[in-house]
Structures are given as structure tokens and as C-alpha cells.
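Structure data follow from query_34.cif (mmCIF, C-alpha atoms and all ligand atoms):
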data_protein
loop_
_atom_site.group_PDB
_atom_site.id
_atom_site.type_symbol
_atom_site.label_atom_id
_atom_site.label_comp_id
_atom_site.auth_asym_id
_atom_site.auth_seq_id
_atom_site.Cartn_x
_atom_site.Cartn_y
_atom_site.Cartn_z
ATOM 1 C CA MET G 191 0.000 0.000 0.000
ATOM 2 C CA THR G 192 1.264 3.502 -0.811
ATOM 3 C CA ALA G 193 2.084 5.682 2.168
ATOM 4 C CA HIS G 194 0.410 9.057 2.605
ATOM 5 C CA MET G 195 2.782 11.994 2.191
ATOM 6 C CA LEU G 196 0.113 14.411 3.387
ATOM 7 C CA ARG G 197 -3.017 14.010 5.441
ATOM 8 C CA VAL G 198 -5.375 16.905 6.037
ATOM 9 C CA ASN G 199 -7.470 15.882 9.030
ATOM 10 C CA GLY G 200 -10.571 17.966 9.614
ATOM 11 C CA ILE G 201 -8.823 21.301 9.042
ATOM 12 C CA GLY G 202 -10.989 24.366 9.647
ATOM 13 C CA LYS G 203 -10.104 28.061 9.769
ATOM 14 C CA ASP G 204 -12.091 30.952 11.222
ATOM 15 C CA TYR G 205 -11.047 34.572 10.700
ATOM 16 C CA PRO G 206 -12.324 37.535 12.683
ATOM 17 C CA ARG G 207 -14.621 39.691 10.533
ATOM 18 C CA ASP G 208 -16.894 42.624 11.329
ATOM 19 C CA GLY G 209 -16.712 41.944 15.047
ATOM 20 C CA GLY G 210 -17.755 38.319 14.497
ATOM 21 C CA VAL G 211 -16.244 35.185 13.048
ATOM 22 C CA PHE G 212 -16.000 34.239 9.366
ATOM 23 C CA THR G 213 -15.548 30.539 8.718
ATOM 24 C CA ALA G 214 -13.294 30.451 5.656
ATOM 25 C CA ILE G 215 -12.762 26.682 5.866
ATOM 26 C CA ASP G 216 -15.372 24.589 7.616
ATOM 27 C CA GLU G 217 -13.848 21.128 7.472
ATOM 28 C CA LEU G 218 -11.411 19.590 5.025
ATOM 29 C CA THR G 219 -10.239 16.009 5.094
ATOM 30 C CA PHE G 220 -8.208 14.319 2.376
ATOM 31 C CA ALA G 221 -4.947 12.461 1.868
ATOM 32 C CA VAL G 222 -2.223 12.663 -0.763
ATOM 33 C CA ASP G 223 -0.207 9.566 -1.626
ATOM 34 C CA GLU G 224 3.558 9.610 -1.767
ATOM 35 C CA GLY G 225 4.570 10.524 -5.332
ATOM 36 C CA GLU G 226 1.106 11.802 -6.293
ATOM 37 C CA LEU G 227 0.410 14.986 -8.262
ATOM 38 C CA LEU G 228 -2.805 16.385 -6.795
ATOM 39 C CA CYS G 229 -4.570 19.546 -7.931
ATOM 40 C CA LEU G 230 -6.879 21.548 -5.693
ATOM 41 C CA VAL G 231 -9.324 23.761 -7.516
ATOM 42 C CA GLY G 232 -12.162 25.896 -6.230
ATOM 43 C CA PRO G 233 -14.003 29.175 -6.644
ATOM 44 C CA SER G 234 -12.202 32.420 -5.879
ATOM 45 C CA GLY G 235 -11.947 33.053 -2.147
ATOM 46 C CA CYS G 236 -12.719 29.454 -1.174
ATOM 47 C CA GLY G 237 -9.690 29.227 1.089
ATOM 48 C CA LYS G 238 -7.085 27.584 -1.157
ATOM 49 C CA THR G 239 -4.272 29.817 0.092
ATOM 50 C CA THR G 240 -5.463 29.469 3.681
ATOM 51 C CA LEU G 241 -5.311 25.677 3.371
ATOM 52 C CA LEU G 242 -1.855 25.713 1.783
ATOM 53 C CA ARG G 243 -0.550 27.976 4.527
ATOM 54 C CA CYS G 244 -1.882 25.577 7.166
ATOM 55 C CA VAL G 245 -0.145 22.643 5.422
ATOM 56 C CA ALA G 246 3.105 24.632 5.061
ATOM 57 C CA GLY G 247 3.088 25.458 8.777
ATOM 58 C CA LEU G 248 2.761 29.198 8.102
ATOM 59 C CA LEU G 249 -0.704 29.515 9.644
ATOM 60 C CA GLU G 250 -2.345 27.694 12.509
ATOM 61 C CA PRO G 251 -5.696 26.084 11.696
ATOM 62 C CA THR G 252 -8.584 26.778 14.076
ATOM 63 C CA ARG G 253 -9.529 23.097 14.008
ATOM 64 C CA GLY G 254 -7.894 19.890 12.842
ATOM 65 C CA GLU G 255 -4.345 19.301 11.709
ATOM 66 C CA ALA G 256 -2.115 18.579 8.731
ATOM 67 C CA VAL G 257 0.217 15.599 8.914
ATOM 68 C CA VAL G 258 3.250 15.627 6.582
ATOM 69 C CA ASP G 259 5.191 12.406 6.206
ATOM 70 C CA GLY G 260 3.638 11.068 9.414
ATOM 71 C CA LYS G 261 4.408 14.145 11.546
ATOM 72 C CA PRO G 262 1.750 16.662 12.677
ATOM 73 C CA VAL G 263 2.583 20.126 11.298
ATOM 74 C CA SER G 264 3.446 22.734 13.914
ATOM 75 C CA GLY G 265 5.856 24.874 11.836
ATOM 76 C CA PRO G 266 7.350 24.587 8.332
ATOM 77 C CA PRO G 267 7.687 20.788 7.901
ATOM 78 C CA ASP G 268 11.003 19.181 6.992
ATOM 79 C CA GLY G 269 11.378 18.223 3.361
ATOM 80 C CA THR G 270 8.663 20.604 2.176
ATOM 81 C CA ALA G 271 9.084 23.490 -0.267
ATOM 82 C CA VAL G 272 6.551 26.082 -1.410
ATOM 83 C CA VAL G 273 6.263 28.009 -4.680
ATOM 84 C CA PHE G 274 3.998 31.054 -4.483
ATOM 85 C CA GLN G 275 2.193 32.960 -7.199
ATOM 86 C CA GLU G 276 4.118 36.179 -6.668
ATOM 87 C CA TYR G 277 7.615 35.317 -7.874
ATOM 88 C CA GLY G 278 8.384 39.044 -7.924
ATOM 89 C CA ARG G 279 8.068 39.103 -4.156
ATOM 90 C CA SER G 280 9.555 35.695 -3.387
ATOM 91 C CA LEU G 281 12.927 36.338 -5.070
ATOM 92 C CA PHE G 282 15.356 38.857 -3.595
ATOM 93 C CA PRO G 283 16.107 41.470 -6.286
ATOM 94 C CA TRP G 284 19.528 42.367 -4.884
ATOM 95 C CA MET G 285 20.739 38.753 -5.002
ATOM 96 C CA ARG G 286 21.838 37.006 -8.174
ATOM 97 C CA VAL G 287 19.780 34.056 -9.422
ATOM 98 C CA GLY G 288 22.327 31.530 -8.094
ATOM 99 C CA ALA G 289 22.337 33.140 -4.635
ATOM 100 C CA ASN G 290 18.527 33.133 -4.547
ATOM 101 C CA VAL G 291 18.479 29.391 -5.280
ATOM 102 C CA ASP G 292 21.247 28.794 -2.736
ATOM 103 C CA LEU G 293 19.554 30.661 0.118
ATOM 104 C CA PRO G 294 17.328 27.895 1.575
ATOM 105 C CA LEU G 295 20.188 25.377 1.223
ATOM 106 C CA ARG G 296 22.223 27.279 3.801
ATOM 107 C CA ARG G 297 20.200 25.770 6.627
ATOM 108 C CA LEU G 298 20.824 22.200 5.462
ATOM 109 C CA GLY G 299 24.401 22.004 6.742
ATOM 110 C CA LEU G 300 25.890 21.258 3.296
ATOM 111 C CA SER G 301 29.391 22.219 2.202
ATOM 112 C CA ARG G 302 29.834 25.143 -0.188
ATOM 113 C CA ALA G 303 30.718 22.708 -3.000
ATOM 114 C CA GLN G 304 27.649 20.557 -2.368
ATOM 115 C CA ARG G 305 25.436 23.639 -2.408
ATOM 116 C CA ALA G 306 27.007 24.908 -5.634
ATOM 117 C CA GLU G 307 26.394 21.517 -7.240
ATOM 118 C CA ARG G 308 22.731 21.530 -6.200
ATOM 119 C CA VAL G 309 22.238 25.099 -7.450
ATOM 120 C CA ALA G 310 23.794 24.297 -10.844
ATOM 121 C CA GLU G 311 21.798 21.087 -11.170
ATOM 122 C CA ALA G 312 18.481 22.774 -10.255
ATOM 123 C CA LEU G 313 19.043 25.695 -12.640
ATOM 124 C CA ALA G 314 19.906 23.248 -15.436
ATOM 125 C CA MET G 315 16.694 21.304 -14.741
ATOM 126 C CA VAL G 316 14.584 24.417 -15.304
ATOM 127 C CA ASP G 317 16.653 25.321 -18.368
ATOM 128 C CA LEU G 318 18.337 28.349 -16.801
ATOM 129 C CA GLY G 319 21.856 26.940 -16.708
ATOM 130 C CA GLY G 320 23.406 30.134 -18.083
ATOM 131 C CA PHE G 321 21.630 32.568 -15.754
ATOM 132 C CA ALA G 322 23.173 31.955 -12.315
ATOM 133 C CA ARG G 323 24.903 35.347 -12.338
ATOM 134 C CA SER G 324 21.923 37.350 -13.600
ATOM 135 C CA TYR G 325 19.646 39.315 -11.302
ATOM 136 C CA PRO G 326 15.965 38.292 -11.129
ATOM 137 C CA TRP G 327 14.825 41.646 -12.505
ATOM 138 C CA GLN G 328 16.836 40.995 -15.679
ATOM 139 C CA LEU G 329 14.631 37.970 -16.437
ATOM 140 C CA SER G 330 11.085 37.655 -17.801
ATOM 141 C CA GLY G 331 8.218 36.735 -15.460
ATOM 142 C CA GLY G 332 8.208 33.134 -16.649
ATOM 143 C CA MET G 333 11.976 32.851 -16.127
ATOM 144 C CA GLN G 334 11.672 34.311 -12.626
ATOM 145 C CA GLN G 335 9.057 31.713 -11.777
ATOM 146 C CA ARG G 336 11.468 29.039 -13.073
ATOM 147 C CA VAL G 337 14.077 30.427 -10.648
ATOM 148 C CA ALA G 338 11.535 30.026 -7.840
ATOM 149 C CA ILE G 339 10.925 26.438 -8.987
ATOM 150 C CA ALA G 340 14.699 25.796 -9.131
ATOM 151 C CA ARG G 341 15.027 27.113 -5.577
ATOM 152 C CA ALA G 342 12.310 24.706 -4.446
ATOM 153 C CA ILE G 343 13.810 21.639 -6.151
ATOM 154 C CA ALA G 344 17.407 22.436 -5.137
ATOM 155 C CA TYR G 345 16.153 21.918 -1.591
ATOM 156 C CA ARG G 346 15.190 18.383 -2.720
ATOM 157 C CA PRO G 347 11.779 18.404 -1.069
ATOM 158 C CA ARG G 348 9.685 15.290 -0.742
ATOM 159 C CA LEU G 349 6.556 17.464 -0.807
ATOM 160 C CA LEU G 350 6.222 20.466 -3.105
ATOM 161 C CA LEU G 351 3.337 22.868 -2.454
ATOM 162 C CA MET G 352 2.430 25.258 -5.271
ATOM 163 C CA ASP G 353 -0.039 28.122 -4.785
ATOM 164 C CA GLU G 354 -1.382 29.326 -8.149
ATOM 165 C CA PRO G 355 2.203 29.579 -9.382
ATOM 166 C CA PHE G 356 1.348 30.376 -13.018
ATOM 167 C CA ALA G 357 -1.551 32.782 -12.517
ATOM 168 C CA ALA G 358 0.548 35.839 -13.372
ATOM 169 C CA VAL G 359 2.214 34.667 -16.614
ATOM 170 C CA ASP G 360 0.981 34.689 -20.214
ATOM 171 C CA ALA G 361 -0.754 31.655 -21.743
ATOM 172 C CA GLN G 362 2.209 30.352 -23.785
ATOM 173 C CA THR G 363 4.624 30.629 -20.844
ATOM 174 C CA ARG G 364 2.041 29.023 -18.630
ATOM 175 C CA ALA G 365 1.775 25.994 -20.942
ATOM 176 C CA ASP G 366 5.594 25.636 -20.911
ATOM 177 C CA LEU G 367 5.688 25.870 -17.116
ATOM 178 C CA GLU G 368 2.929 23.260 -16.784
ATOM 179 C CA ASP G 369 4.984 20.870 -18.909
ATOM 180 C CA LEU G 370 8.073 21.702 -16.850
ATOM 181 C CA ILE G 371 6.234 20.745 -13.652
ATOM 182 C CA ARG G 372 5.026 17.440 -15.111
ATOM 183 C CA ASP G 373 8.561 16.752 -16.357
ATOM 184 C CA LEU G 374 10.171 17.504 -12.957
ATOM 185 C CA TRP G 375 7.505 15.470 -11.173
ATOM 186 C CA GLY G 376 8.249 12.503 -13.464
ATOM 187 C CA LYS G 377 12.027 12.810 -13.025
ATOM 188 C CA LEU G 378 12.178 13.533 -9.305
ATOM 189 C CA GLY G 379 9.352 11.331 -8.030
ATOM 190 C CA ILE G 380 8.231 13.986 -5.545
ATOM 191 C CA THR G 381 4.717 14.572 -4.217
ATOM 192 C CA ILE G 382 3.112 17.751 -5.556
ATOM 193 C CA VAL G 383 0.038 19.600 -4.295
ATOM 194 C CA PHE G 384 -0.837 22.191 -6.914
ATOM 195 C CA ILE G 385 -3.429 24.868 -6.194
ATOM 196 C CA THR G 386 -5.120 26.584 -9.098
ATOM 197 C CA HIS G 387 -8.373 28.298 -9.961
ATOM 198 C CA ASP G 388 -7.910 27.213 -13.596
ATOM 199 C CA ILE G 389 -10.072 24.181 -14.394
ATOM 200 C CA ASP G 390 -8.173 23.143 -17.548
ATOM 201 C CA GLU G 391 -4.856 23.450 -15.730
ATOM 202 C CA SER G 392 -6.078 21.248 -12.881
ATOM 203 C CA VAL G 393 -7.129 18.465 -15.279
ATOM 204 C CA TYR G 394 -4.049 18.793 -17.504
ATOM 205 C CA LEU G 395 -1.633 18.579 -14.579
ATOM 206 C CA GLY G 396 -3.255 16.354 -11.995
ATOM 207 C CA GLN G 397 -3.591 12.648 -11.428
ATOM 208 C CA ARG G 398 -6.495 13.645 -9.227
ATOM 209 C CA VAL G 399 -8.446 16.857 -8.765
ATOM 210 C CA ILE G 400 -10.114 17.873 -5.529
ATOM 211 C CA VAL G 401 -12.828 20.479 -5.990
ATOM 212 C CA LEU G 402 -13.457 22.737 -3.009
ATOM 213 C CA SER G 403 -16.784 24.399 -2.224
ATOM 214 C CA SER G 404 -17.371 28.066 -1.441
ATOM 215 C CA PRO G 405 -16.876 29.155 2.200
ATOM 216 C CA PRO G 406 -17.469 27.693 4.671
ATOM 217 C CA THR G 407 -15.343 25.353 2.562
ATOM 218 C CA THR G 408 -15.541 21.579 2.425
ATOM 219 C CA THR G 409 -14.495 19.037 -0.197
ATOM 220 C CA ARG G 410 -17.043 19.176 -3.001
ATOM 221 C CA ALA G 411 -15.703 16.326 -5.188
ATOM 222 C CA GLU G 412 -12.645 14.139 -5.697
ATOM 223 C CA ILE G 413 -12.098 13.272 -9.349
ATOM 224 C CA THR G 414 -9.552 10.798 -10.697
ATOM 225 C CA VAL G 415 -7.889 12.021 -13.905
ATOM 226 C CA ASP G 416 -7.497 8.968 -16.105
ATOM 227 C CA LEU G 417 -5.352 10.523 -18.819
ATOM 228 C CA GLY G 418 -2.128 8.561 -18.334
ATOM 229 C CA ASP G 419 1.267 10.021 -17.536
ATOM 230 C CA GLU G 420 2.190 11.204 -21.041
ATOM 231 C CA ARG G 421 0.463 14.556 -21.453
ATOM 232 C CA ASP G 422 0.707 16.890 -24.396
ATOM 233 C CA GLN G 423 -0.708 20.405 -24.645
ATOM 234 C CA ILE G 424 -2.458 19.710 -27.971
ATOM 235 C CA ALA G 425 -3.248 15.986 -27.892
ATOM 236 C CA THR G 426 -4.295 15.780 -24.222
ATOM 237 C CA ARG G 427 -6.445 18.883 -24.299
ATOM 238 C CA SER G 428 -8.359 17.579 -27.319
ATOM 239 C CA ASP G 429 -8.771 14.063 -25.885
ATOM 240 C CA PRO G 430 -12.526 13.380 -25.335
ATOM 241 C CA GLU G 431 -11.731 12.180 -21.795
ATOM 242 C CA PHE G 432 -10.070 15.547 -21.028
ATOM 243 C CA VAL G 433 -13.118 17.387 -22.391
ATOM 244 C CA LYS G 434 -15.395 15.223 -20.233
ATOM 245 C CA LEU G 435 -13.298 15.769 -17.106
ATOM 246 C CA ARG G 436 -13.057 19.543 -17.522
ATOM 247 C CA ALA G 437 -16.856 19.682 -17.971
ATOM 248 C CA ARG G 438 -17.267 17.674 -14.780
ATOM 249 C CA VAL G 439 -14.911 19.928 -12.770
ATOM 250 C CA TRP G 440 -16.596 23.009 -14.239
ATOM 251 C CA GLY G 441 -20.012 21.636 -13.230
ATOM 252 C CA GLU G 442 -18.816 20.926 -9.710
ATOM 253 C CA ILE G 443 -17.445 24.460 -9.344
ATOM 254 C CA GLN G 444 -20.670 26.012 -10.620
ATOM 255 C CA ALA G 445 -22.616 23.844 -8.182
ATOM 256 C CA ALA G 446 -20.174 24.737 -5.398
ATOM 257 C CA LYS G 447 -20.805 28.445 -5.992
ATOM 258 C CA GLN G 448 -24.542 27.952 -5.644
ATOM 259 C CA ALA G 449 -24.610 25.213 -3.024
ATOM 260 C CA LYS G 450 -25.727 25.660 0.530
ATOM 261 C CA PRO G 451 -22.942 25.043 3.052
ATOM 262 C CA THR G 452 -24.731 21.916 4.274
ATOM 263 C CA ASP G 453 -24.289 20.076 0.946
ATOM 264 C CA THR G 454 -22.505 16.781 1.383
ATOM 265 C CA THR G 455 -19.304 15.729 -0.342
ATOM 266 C CA GLU G 456 -19.551 13.666 -3.508
ATOM 267 C CA LYS G 457 -16.827 11.135 -4.124
ATOM 268 C CA ASP G 458 -15.742 9.521 -7.354
HETATM 269 N N1 LIG U 1 -6.000 37.177 7.423
HETATM 270 C C1 LIG U 1 -7.302 37.160 7.091
HETATM 271 N N2 LIG U 1 -8.230 37.805 7.838
HETATM 272 C C2 LIG U 1 -9.547 37.757 7.516
HETATM 273 N N3 LIG U 1 -10.043 37.088 6.461
HETATM 274 C C3 LIG U 1 -9.168 36.429 5.678
HETATM 275 C C4 LIG U 1 -7.758 36.425 5.936
HETATM 276 N N4 LIG U 1 -7.148 35.676 4.979
HETATM 277 C C5 LIG U 1 -8.128 35.241 4.165
HETATM 278 N N5 LIG U 1 -9.335 35.687 4.573
HETATM 279 C C6 LIG U 1 -10.645 35.382 3.947
HETATM 280 O O1 LIG U 1 -10.807 33.976 3.886
HETATM 281 C C7 LIG U 1 -11.352 33.582 2.624
HETATM 282 C C8 LIG U 1 -10.403 32.618 1.931
HETATM 283 O O2 LIG U 1 -9.222 33.329 1.531
HETATM 284 P P1 LIG U 1 -8.030 32.634 0.711
HETATM 285 O O3 LIG U 1 -7.086 33.698 0.299
HETATM 286 O O4 LIG U 1 -7.517 31.499 1.506
HETATM 287 O O5 LIG U 1 -8.840 32.055 -0.544
HETATM 288 P P2 LIG U 1 -8.345 31.637 -1.993
HETATM 289 O O6 LIG U 1 -9.234 30.512 -2.424
HETATM 290 O O7 LIG U 1 -6.881 31.375 -1.993
HETATM 291 O O8 LIG U 1 -8.653 32.941 -2.818
HETATM 292 P P3 LIG U 1 -8.267 33.356 -4.328
HETATM 293 O O9 LIG U 1 -8.808 32.288 -5.229
HETATM 294 O O10 LIG U 1 -8.990 34.667 -4.505
HETATM 295 O O11 LIG U 1 -6.773 33.468 -4.355
HETATM 296 C C9 LIG U 1 -11.606 34.866 1.840
HETATM 297 O O12 LIG U 1 -12.947 35.224 2.006
HETATM 298 C C10 LIG U 1 -10.701 35.885 2.512
HETATM 299 O O13 LIG U 1 -11.238 37.175 2.440
#

Reformat the file's structure so that it appears as C-alpha cells.
Amino acid sequence: MTAHMLRVNGIGKDYPRDGGVFTAIDELTFAVDEGELLCLVGPSGCGKTTLLRCVAGLLEPTRGEAVVDGKPVSGPPDGTAVVFQEYGRSLFPWMRVGANVDLPLRRLGLSRAQRAERVAEALAMVDLGGFARSYPWQLSGGMQQRVAIARAIAYRPRLLLMDEPFAAVDAQTRADLEDLIRDLWGKLGITIVFITHDIDESVYLGQRVIVLSSPPTTTRAEITVDLGDERDQIATRSDPEFVKLRARVWGEIQAAKQAKPTDTTEKD
């Protein structure tokens, strides 16, 4: 049996609002297998970022817990890296690309040579081998996001959390970055939880898609993506199974927007 890399056990989050309490997440429970590529999709404001922050140990849930690699999360978990949407804010503009990728490695107790090897390897994997000495602001948005991805993989995480990482780049760059993620996932065998509000992206990337409801958020549906591991921007997206799956996710999201909070979860 495959081990769970991540378990989300009854996580809920309340925020103070207008002198009262706003339940952003009511109750979320799901598990992610080791080596799985899972996409989480849901309507705007459904608490995707809140959930990811709870899993990454950056925010304390009001209820429930996240368990990464068998350990309850109480701070940033070992072996976990995060890629955020805003690459412009996650890279340090005064540090060269190589130094940005190197930064998180400094707490791993590696030698300078080992770190340099990891930085070079990670930059080569995202096709930025010649850019170690450039500054982030000299690169395009898509290239900067590849630096952020290189920084995450240089850390050699077992779990990679991605929060709408391609929302701010143009469509062509986005397609290239999607293929890069699938390629890295295939090569590195890591577990990826990918958050997106883009239905097509969730089906194209994921082995499984979890659809979240509107707040107070619960799991609306869990959908297995039976498209095989070889995906291609043209062939996969015109595959009748892809078209069927995207229609199903779309339907679930529309229903989630209209549903009453008491609706029960549907499972595949
Ligand atoms: N620190 C906070 N204080 C109060 N309310 C918050 C806070 N952070 C988030 N919220 C609210 O909780 C809800 C979920 O927010 P969150 O950013 O997690 O959703 P999201 O699904 O990532 O949104 P989007 O799709 O727009 O990026 C929203 O209604 C938001 O206004």
C-alpha cells in the first residue's frame, strides 16, 4: 500500500470579521499519496491559500491538523518546499539568481561545494543553466518563476506545495511551465500539491483533482484524472476524456458556488 505523504485531518479556519467570526474553511479532510500529483481547484476566495498555509506550517488552523510524512505540522515541515504565485516578491532582487536558489540550502548544513552543485543542477533542470549570475529583474516573469521552482527543487523536497504559481504569466509561458512541472515530477518522483483556480490546468496537470466548495469550505468532489502520464498540450487537451473531465470539474465548481454550506461531499 502507498504511504500518505500528506493528510489533512478535519482542518478548519475561522477569521475575525466585522466583530464576528467568518468561517473560511469549515472542514477539510483528504490524503495525498507519496509521489502523487494532486490539484486543488475551487471558486475564488474558497480558502485555497489558507489551506496551503496551514499545510506549510505558516498559519495555525482553528480546528484539525495537517500531517506531513507522518508528523503533525506545527511549523514549516522538513522536506517541504513552497512556490507562491508572486515570484516578484519571493525572489530577492539584490541577489543574483544563483544566490537566490542557494539561500534555503544554507540551513541544510551542506558544504559550499555541495550547495554549488545543487544550485547548478536545479538551474539546469529548469533550463536556466546560463543565468546563475543574472539578477531576477533581468529575467522575464516566466523565467523568474522558473528560478523560484529551481530554488524549491534544489532543496530536494519530498513534498512540493504550489499556490497558483502560473496565474501571473501569459498563456504560452504558462503551458511551458505546466509541462516543466510534469517533467520535474516525473524525473524527481516527488509529491506535488498544486493549487489553481484554472479548471483546464487542474485536469491537464493532476492525477487527481479535488474540488473545493465556497466558504465555509468543504471538499465538493474528488475526481480521478485517467489521462495517463504522457500529457501533451495539444493531444491531451483535445482528448474526449479531457473534455469530459473539464466539464465535470466546471459543473462541480458552478454547483459549489450555488450550493448551501450543508451540501454533502460527492466522491468519485
Ligand atoms: N488574514 C485574514 N483575515 C480575515 N479574512 C481572511 C484572511 N485571509 C483570508 N481571509 C478570507 O478567507 C477567505 C479565503 O481566503 P483565501 O485567500 O484562503 O482564498 P483563496 O481561495 O486562496 O482565494 P483566491 O482564489 O482569490 O486566491 C476569503 O474570504 C478571505 O477574504

Inset, instruction - Kindly compile the residues surrounding ligand LIG 1 (chain U) within 10 Å, counting all atoms listed in the file, and format them as an MDAnalysis selection string. - result: chainID G and resid 203:208 211:215 230:244 249 275 353:354 357 385:388 402:407

(request) Apply the PyMOL selection byres (((chain G and resi 276-289) around 6) and not hetatm) to the file shown and report the selected residues as JSON, numbers by chain. (result) {"G": [274, 275, 290, 291, 292, 322, 323, 324, 325, 326, 335]}

Nearest to G:Asp390, restricted to only C-alpha atoms and choosing among G:Arg348, G:His194, G:Arg296, G:Arg438, comes out as G:Arg438

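Computed from the coordinates, the atom CA of G:Arg364 to atom CA of G:Ala306 distance equals 28.4 Å.
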
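The gap separating atom CA of G:Ala445 from atom CA of G:Leu417 is 24.3 Å, in Å to one decimal.
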
Problem set entry | stretch 368-384 of chain G surroundings by all atoms listed in the file, 7 Å radius, close-in-sequence under 4 positions cut, as a PyMOL selection string | chain G and resi 224-230+348-353+364+395

Which residues would end up in the selection if the PyMOL selection byres (((chain G and resi 412) around 12) and not hetatm) were applied here, given that I need the answer as a ChimeraX atom specification? /G:219-222,228-232,393,396-403,408-411,413-415,435,438-439,442-443,455-458

Excluding stretch 309-314 of chain G and any residue of its chain fewer than 5 positions from it, enumerate the residues within 10 Å of it, using all atoms listed in the file, and give them as a list in words.
Val287, Gly288, Ala289, Asn290, Val291, Asp292, Leu293, Leu295, Ala303, Gln304, Gly319, Gly320, Phe321, Ala322, Arg336, Val337, Ala338, Ile339, Ala340, Arg341, Ala342, Ile343, Ala344, Tyr345 and Arg346 of chain G

Atom pair atom CA of G:Gly260 + atom CA of G:Ile201, distance 16.1 Å

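Distances here use all atoms listed in the file; by that measure, the residue among G:Val198, G:Met315, G:Tyr394, G:Leu298 closest to G:Val263 is G:Val198.
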
Could you give me the centre and size, in Å to one decimal, of an axis-aligned box around all listed atoms of stretch 285-290 of chain G with 6 Å added on every side, as AutoDock Vina command-line options?
--center_x 20.4 --center_y 35.1 --center_z -7.0 --size_x 15.8 --size_y 19.2 --size_z 16.9

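The residue that comes closest to G:Ile424, out of G:Gly299, G:Ala365, G:Pro294, G:Asp317 and on the basis of only C-alpha atoms, is G:Ala365.
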
| request: I would like the residues chosen by the PyMOL selection byres (((chain G and resi 200) around 7) and not hetatm) on the shown file; could you give them as number ranges by chain? | output: G: 198-199, 201-202, 217-219, 253-255

Start from the incomplete input, build N, CA and C atoms for stretch 383-400 of chain G, and deliver everything as a PDB file, in the frame of the given file.
ATOM      1  N   VAL G 383       1.407  19.097  -4.486  1.00  0.00           N
ATOM      2  CA  VAL G 383       0.038  19.600  -4.295  1.00  0.00           C
ATOM      3  C   VAL G 383      -0.009  20.954  -4.994  1.00  0.00           C
ATOM      4  N   PHE G 384      -0.816  21.032  -6.024  1.00  0.00           N
ATOM      5  CA  PHE G 384      -0.837  22.191  -6.914  1.00  0.00           C
ATOM      6  C   PHE G 384      -2.193  22.873  -6.812  1.00  0.00           C
ATOM      7  N   ILE G 385      -2.184  24.114  -6.345  1.00  0.00           N
ATOM      8  CA  ILE G 385      -3.429  24.868  -6.194  1.00  0.00           C
ATOM      9  C   ILE G 385      -3.634  25.759  -7.409  1.00  0.00           C
ATOM     10  N   THR G 386      -4.835  25.734  -7.948  1.00  0.00           N
ATOM     11  CA  THR G 386      -5.120  26.584  -9.098  1.00  0.00           C
ATOM     12  C   THR G 386      -6.603  26.936  -9.106  1.00  0.00           C
ATOM     13  N   HIS G 387      -6.946  28.052  -9.765  1.00  0.00           N
ATOM     14  CA  HIS G 387      -8.373  28.298  -9.961  1.00  0.00           C
ATOM     15  C   HIS G 387      -8.735  27.966 -11.411  1.00  0.00           C
ATOM     16  N   ASP G 388      -7.728  27.498 -12.176  1.00  0.00           N
ATOM     17  CA  ASP G 388      -7.910  27.213 -13.596  1.00  0.00           C
ATOM     18  C   ASP G 388      -8.293  25.747 -13.801  1.00  0.00           C
ATOM     19  N   ILE G 389      -9.519  25.537 -14.258  1.00  0.00           N
ATOM     20  CA  ILE G 389     -10.072  24.181 -14.394  1.00  0.00           C
ATOM     21  C   ILE G 389      -9.248  23.337 -15.365  1.00  0.00           C
ATOM     22  N   ASP G 390      -8.943  23.903 -16.547  1.00  0.00           N
ATOM     23  CA  ASP G 390      -8.173  23.143 -17.548  1.00  0.00           C
ATOM     24  C   ASP G 390      -6.803  22.763 -17.004  1.00  0.00           C
ATOM     25  N   GLU G 391      -6.182  23.714 -16.290  1.00  0.00           N
ATOM     26  CA  GLU G 391      -4.856  23.450 -15.730  1.00  0.00           C
ATOM     27  C   GLU G 391      -4.917  22.306 -14.714  1.00  0.00           C
ATOM     28  N   SER G 392      -5.980  22.289 -13.914  1.00  0.00           N
ATOM     29  CA  SER G 392      -6.078  21.248 -12.881  1.00  0.00           C
ATOM     30  C   SER G 392      -6.195  19.861 -13.517  1.00  0.00           C
ATOM     31  N   VAL G 393      -6.946  19.760 -14.613  1.00  0.00           N
ATOM     32  CA  VAL G 393      -7.129  18.465 -15.279  1.00  0.00           C
ATOM     33  C   VAL G 393      -5.871  18.089 -16.060  1.00  0.00           C
ATOM     34  N   TYR G 394      -5.257  19.078 -16.702  1.00  0.00           N
ATOM     35  CA  TYR G 394      -4.049  18.793 -17.504  1.00  0.00           C
ATOM     36  C   TYR G 394      -2.907  18.293 -16.619  1.00  0.00           C
ATOM     37  N   LEU G 395      -2.783  18.898 -15.433  1.00  0.00           N
ATOM     38  CA  LEU G 395      -1.633  18.579 -14.579  1.00  0.00           C
ATOM     39  C   LEU G 395      -1.852  17.370 -13.667  1.00  0.00           C
ATOM     40  N   GLY G 396      -3.058  17.249 -13.138  1.00  0.00           N
ATOM     41  CA  GLY G 396      -3.255  16.354 -11.995  1.00  0.00           C
ATOM     42  C   GLY G 396      -3.460  14.887 -12.341  1.00  0.00           C
ATOM     43  N   GLN G 397      -3.148  14.042 -11.374  1.00  0.00           N
ATOM     44  CA  GLN G 397      -3.591  12.648 -11.428  1.00  0.00           C
ATOM     45  C   GLN G 397      -4.968  12.564 -10.779  1.00  0.00           C
ATOM     46  N   ARG G 398      -5.236  13.577  -9.952  1.00  0.00           N
ATOM     47  CA  ARG G 398      -6.495  13.645  -9.227  1.00  0.00           C
ATOM     48  C   ARG G 398      -6.777  15.119  -8.991  1.00  0.00           C
ATOM     49  N   VAL G 399      -8.053  15.473  -9.025  1.00  0.00           N
ATOM     50  CA  VAL G 399      -8.446  16.857  -8.765  1.00  0.00           C
ATOM     51  C   VAL G 399      -9.429  16.850  -7.603  1.00  0.00           C
ATOM     52  N   ILE G 400      -9.150  17.681  -6.613  1.00  0.00           N
ATOM     53  CA  ILE G 400     -10.114  17.873  -5.529  1.00  0.00           C
ATOM     54  C   ILE G 400     -10.764  19.237  -5.729  1.00  0.00           C
TER      55      ILE G 400
END
